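Engineer: I am attaching a structure below and will ask some questions about it afterwards.
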Amino acid sequence: RLKSSSSSSSSSHHSHLEWSAATAECPGLVNTLDLMLVSDEIRDFVAPDVILQLNPRVTSKRVQQMLESAAMERGAAWACVVASERRADPGHCVSLHVACDVPRVAEGLARLLDDVDSDSADGRYDGRYGASENARSCARFKETLLACDAAASREACAALGDVEAAEGISEMAVALAVTENLPPSAGLFIGNSMPIRDVDMLSGILSRRTNTEKNRAPR
């Protein structure tokens, strides 16, 4: 199971590999992991065996705590791929730090899984890895996770509607409205902690994720 926080070309590899990816910026993947982790049942279900983190920071505190718990209590291996040698490991749980561009690592991993070289790879992984039981298991896990993601999105929208009807517009509703109404090519710069978390938690529950930048890490 893959934990990703990159909007790079690695998202196309994820879709062919049938790995499950929770992400802040790749469209079409799991958007509501932070919300789903409120459930103890979901938290146990999504606990990863292997964590591949693309780029250094995880915005959601619940996701960060889940990953650290998987590493410390379940022995999950954790590899973090970043473009620099600077480590970002607040829980001191990362077992492998890879200083390299994310697309290059994704290409190398794809070739390794399918046992092909760069000249013969056609972008689909239906060889050695694709025929394995592990690939089929990951595909089934992904289908279940996407169904949970869709259900969590519906519940979040309904809850926001109830809050607005009872109390008027909320900060979370503003975060959702702003991200949903930006043009597809636009990005959003967010200044401080709680708005960062609101956007990370809610962006994408209606249609698409928004590419966001922030001036500091949320606390």
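Identifiers for the structure tokens are assigned positionally: chains receive A, B, ... in sequence, residues are indexed from 1 per chain, and ligands are indexed from 1 in the order shown.
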Please return, as a PDB file with N, CA, C and O atoms, in the first residue's frame, all residues of range 18-198 of chain A that DSSP assigns to strand (DSSP E) on the basis of the backbone.
Structural biologist:
```
ATOM      1  N   ALA A  21      -3.076   4.684  -3.103  1.00  0.00           N
ATOM      2  CA  ALA A  21      -2.318   5.894  -2.801  1.00  0.00           C
ATOM      3  C   ALA A  21      -3.227   6.921  -2.158  1.00  0.00           C
ATOM      4  O   ALA A  21      -4.293   7.219  -2.661  1.00  0.00           O
ATOM      5  N   ALA A  22      -2.797   7.445  -1.023  1.00  0.00           N
ATOM      6  CA  ALA A  22      -3.462   8.577  -0.405  1.00  0.00           C
ATOM      7  C   ALA A  22      -2.615   9.790  -0.714  1.00  0.00           C
ATOM      8  O   ALA A  22      -1.408   9.760  -0.559  1.00  0.00           O
ATOM      9  N   VAL A  50       3.893  -1.558   3.884  1.00  0.00           N
ATOM     10  CA  VAL A  50       5.049  -0.815   3.384  1.00  0.00           C
ATOM     11  C   VAL A  50       4.590   0.596   3.059  1.00  0.00           C
ATOM     12  O   VAL A  50       3.512   0.787   2.499  1.00  0.00           O
ATOM     13  N   ILE A  51       5.381   1.589   3.425  1.00  0.00           N
ATOM     14  CA  ILE A  51       5.053   2.990   3.165  1.00  0.00           C
ATOM     15  C   ILE A  51       6.081   3.542   2.196  1.00  0.00           C
ATOM     16  O   ILE A  51       7.279   3.524   2.467  1.00  0.00           O
ATOM     17  N   LEU A  52       5.612   4.023   1.062  1.00  0.00           N
ATOM     18  CA  LEU A  52       6.464   4.730   0.112  1.00  0.00           C
ATOM     19  C   LEU A  52       5.972   6.165   0.049  1.00  0.00           C
ATOM     20  O   LEU A  52       4.912   6.441  -0.518  1.00  0.00           O
ATOM     21  N   GLN A  53       6.713   7.062   0.659  1.00  0.00           N
ATOM     22  CA  GLN A  53       6.319   8.462   0.742  1.00  0.00           C
ATOM     23  C   GLN A  53       7.088   9.249  -0.301  1.00  0.00           C
ATOM     24  O   GLN A  53       8.312   9.269  -0.315  1.00  0.00           O
ATOM     25  N   LEU A  54       6.363   9.934  -1.179  1.00  0.00           N
ATOM     26  CA  LEU A  54       6.966  10.715  -2.240  1.00  0.00           C
ATOM     27  C   LEU A  54       6.860  12.193  -1.893  1.00  0.00           C
ATOM     28  O   LEU A  54       5.773  12.750  -1.849  1.00  0.00           O
ATOM     29  N   ALA A  77       7.921  -1.151   6.886  1.00  0.00           N
ATOM     30  CA  ALA A  77       9.078  -0.460   6.315  1.00  0.00           C
ATOM     31  C   ALA A  77       8.614   0.860   5.712  1.00  0.00           C
ATOM     32  O   ALA A  77       7.549   0.931   5.096  1.00  0.00           O
ATOM     33  N   TRP A  78       9.418   1.914   5.867  1.00  0.00           N
ATOM     34  CA  TRP A  78       9.022   3.251   5.436  1.00  0.00           C
ATOM     35  C   TRP A  78      10.153   3.870   4.630  1.00  0.00           C
ATOM     36  O   TRP A  78      11.228   4.148   5.167  1.00  0.00           O
ATOM     37  N   ALA A  79       9.918   4.071   3.351  1.00  0.00           N
ATOM     38  CA  ALA A  79      10.889   4.740   2.484  1.00  0.00           C
ATOM     39  C   ALA A  79      10.352   6.106   2.100  1.00  0.00           C
ATOM     40  O   ALA A  79       9.182   6.244   1.736  1.00  0.00           O
ATOM     41  N   CYS A  80      11.195   7.123   2.195  1.00  0.00           N
ATOM     42  CA  CYS A  80      10.809   8.484   1.847  1.00  0.00           C
ATOM     43  C   CYS A  80      11.702   8.974   0.711  1.00  0.00           C
ATOM     44  O   CYS A  80      12.931   8.948   0.828  1.00  0.00           O
ATOM     45  N   VAL A  81      11.079   9.397  -0.389  1.00  0.00           N
ATOM     46  CA  VAL A  81      11.807   9.868  -1.561  1.00  0.00           C
ATOM     47  C   VAL A  81      11.643  11.385  -1.665  1.00  0.00           C
ATOM     48  O   VAL A  81      10.521  11.888  -1.772  1.00  0.00           O
ATOM     49  N   VAL A  82      12.749  12.098  -1.618  1.00  0.00           N
ATOM     50  CA  VAL A  82      12.738  13.555  -1.761  1.00  0.00           C
ATOM     51  C   VAL A  82      13.870  13.963  -2.690  1.00  0.00           C
ATOM     52  O   VAL A  82      14.828  13.212  -2.890  1.00  0.00           O
ATOM     53  N   LEU A  96      14.297   4.224   5.278  1.00  0.00           N
ATOM     54  CA  LEU A  96      15.120   4.429   4.086  1.00  0.00           C
ATOM     55  C   LEU A  96      14.832   5.809   3.518  1.00  0.00           C
ATOM     56  O   LEU A  96      13.694   6.120   3.162  1.00  0.00           O
ATOM     57  N   HIS A  97      15.867   6.631   3.449  1.00  0.00           N
ATOM     58  CA  HIS A  97      15.736   7.970   2.865  1.00  0.00           C
ATOM     59  C   HIS A  97      16.423   7.959   1.509  1.00  0.00           C
ATOM     60  O   HIS A  97      17.622   7.669   1.407  1.00  0.00           O
ATOM     61  N   VAL A  98      15.667   8.277   0.456  1.00  0.00           N
ATOM     62  CA  VAL A  98      16.196   8.272  -0.908  1.00  0.00           C
ATOM     63  C   VAL A  98      16.227   9.701  -1.424  1.00  0.00           C
ATOM     64  O   VAL A  98      15.179  10.328  -1.589  1.00  0.00           O
ATOM     65  N   ALA A  99      17.434  10.233  -1.654  1.00  0.00           N
ATOM     66  CA  ALA A  99      17.587  11.589  -2.180  1.00  0.00           C
ATOM     67  C   ALA A  99      17.656  11.506  -3.701  1.00  0.00           C
ATOM     68  O   ALA A  99      18.714  11.252  -4.278  1.00  0.00           O
ATOM     69  N   GLY A 187      -3.561  27.385  -8.720  1.00  0.00           N
ATOM     70  CA  GLY A 187      -3.090  26.848  -7.455  1.00  0.00           C
ATOM     71  C   GLY A 187      -3.559  27.744  -6.327  1.00  0.00           C
ATOM     72  O   GLY A 187      -4.144  28.811  -6.555  1.00  0.00           O
ATOM     73  N   LEU A 188      -3.310  27.328  -5.102  1.00  0.00           N
ATOM     74  CA  LEU A 188      -3.769  28.086  -3.926  1.00  0.00           C
ATOM     75  C   LEU A 188      -2.642  28.131  -2.909  1.00  0.00           C
ATOM     76  O   LEU A 188      -2.117  27.091  -2.509  1.00  0.00           O
ATOM     77  N   PHE A 189      -2.252  29.350  -2.497  1.00  0.00           N
ATOM     78  CA  PHE A 189      -1.247  29.521  -1.448  1.00  0.00           C
ATOM     79  C   PHE A 189      -1.965  29.772  -0.137  1.00  0.00           C
ATOM     80  O   PHE A 189      -2.795  30.684  -0.039  1.00  0.00           O
ATOM     81  N   ILE A 190      -1.647  28.977   0.887  1.00  0.00           N
ATOM     82  CA  ILE A 190      -2.350  29.038   2.164  1.00  0.00           C
ATOM     83  C   ILE A 190      -1.375  29.500   3.237  1.00  0.00           C
ATOM     84  O   ILE A 190      -0.252  29.014   3.331  1.00  0.00           O
TER      85      ILE A 190
END
```
Engineer: Identify, on the basis of only C-alpha atoms, every residue whose closest approach to Leu160 in chain A does not exceed 9 Å; exclude the query and any residue fewer than 2 positions from it along the same chain; express the result as a list in words.
Structural biologist: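 The residues that qualify are Glu155, Ala156, Cys157, Ala158, Asp162, Val163, Glu164, Ala165, Ile169, Ser170, Met172 and Ala173 of chain A.
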Engineer: Given only C-alpha atoms, how would the per-residue table for range 65-121 of chain A near range 32-43 of chain A read, listing every residue at most 12 Å away with its closest atom pair and distance in Å to one decimal, sorted by chain and number, as a Markdown table?
Structural biologist:
```
| residue | atom | partner | partner_atom | distance |
| --- | --- | --- | --- | --- |
| A:Gln65 | CA | A:Leu37 | CA | 10.0 |
| A:Met66 | CA | A:Arg43 | CA | 7.4 |
| A:Leu67 | CA | A:Arg43 | CA | 10.2 |
| A:Ser69 | CA | A:Arg43 | CA | 10.4 |
| A:Ala70 | CA | A:Arg43 | CA | 10.2 |
```
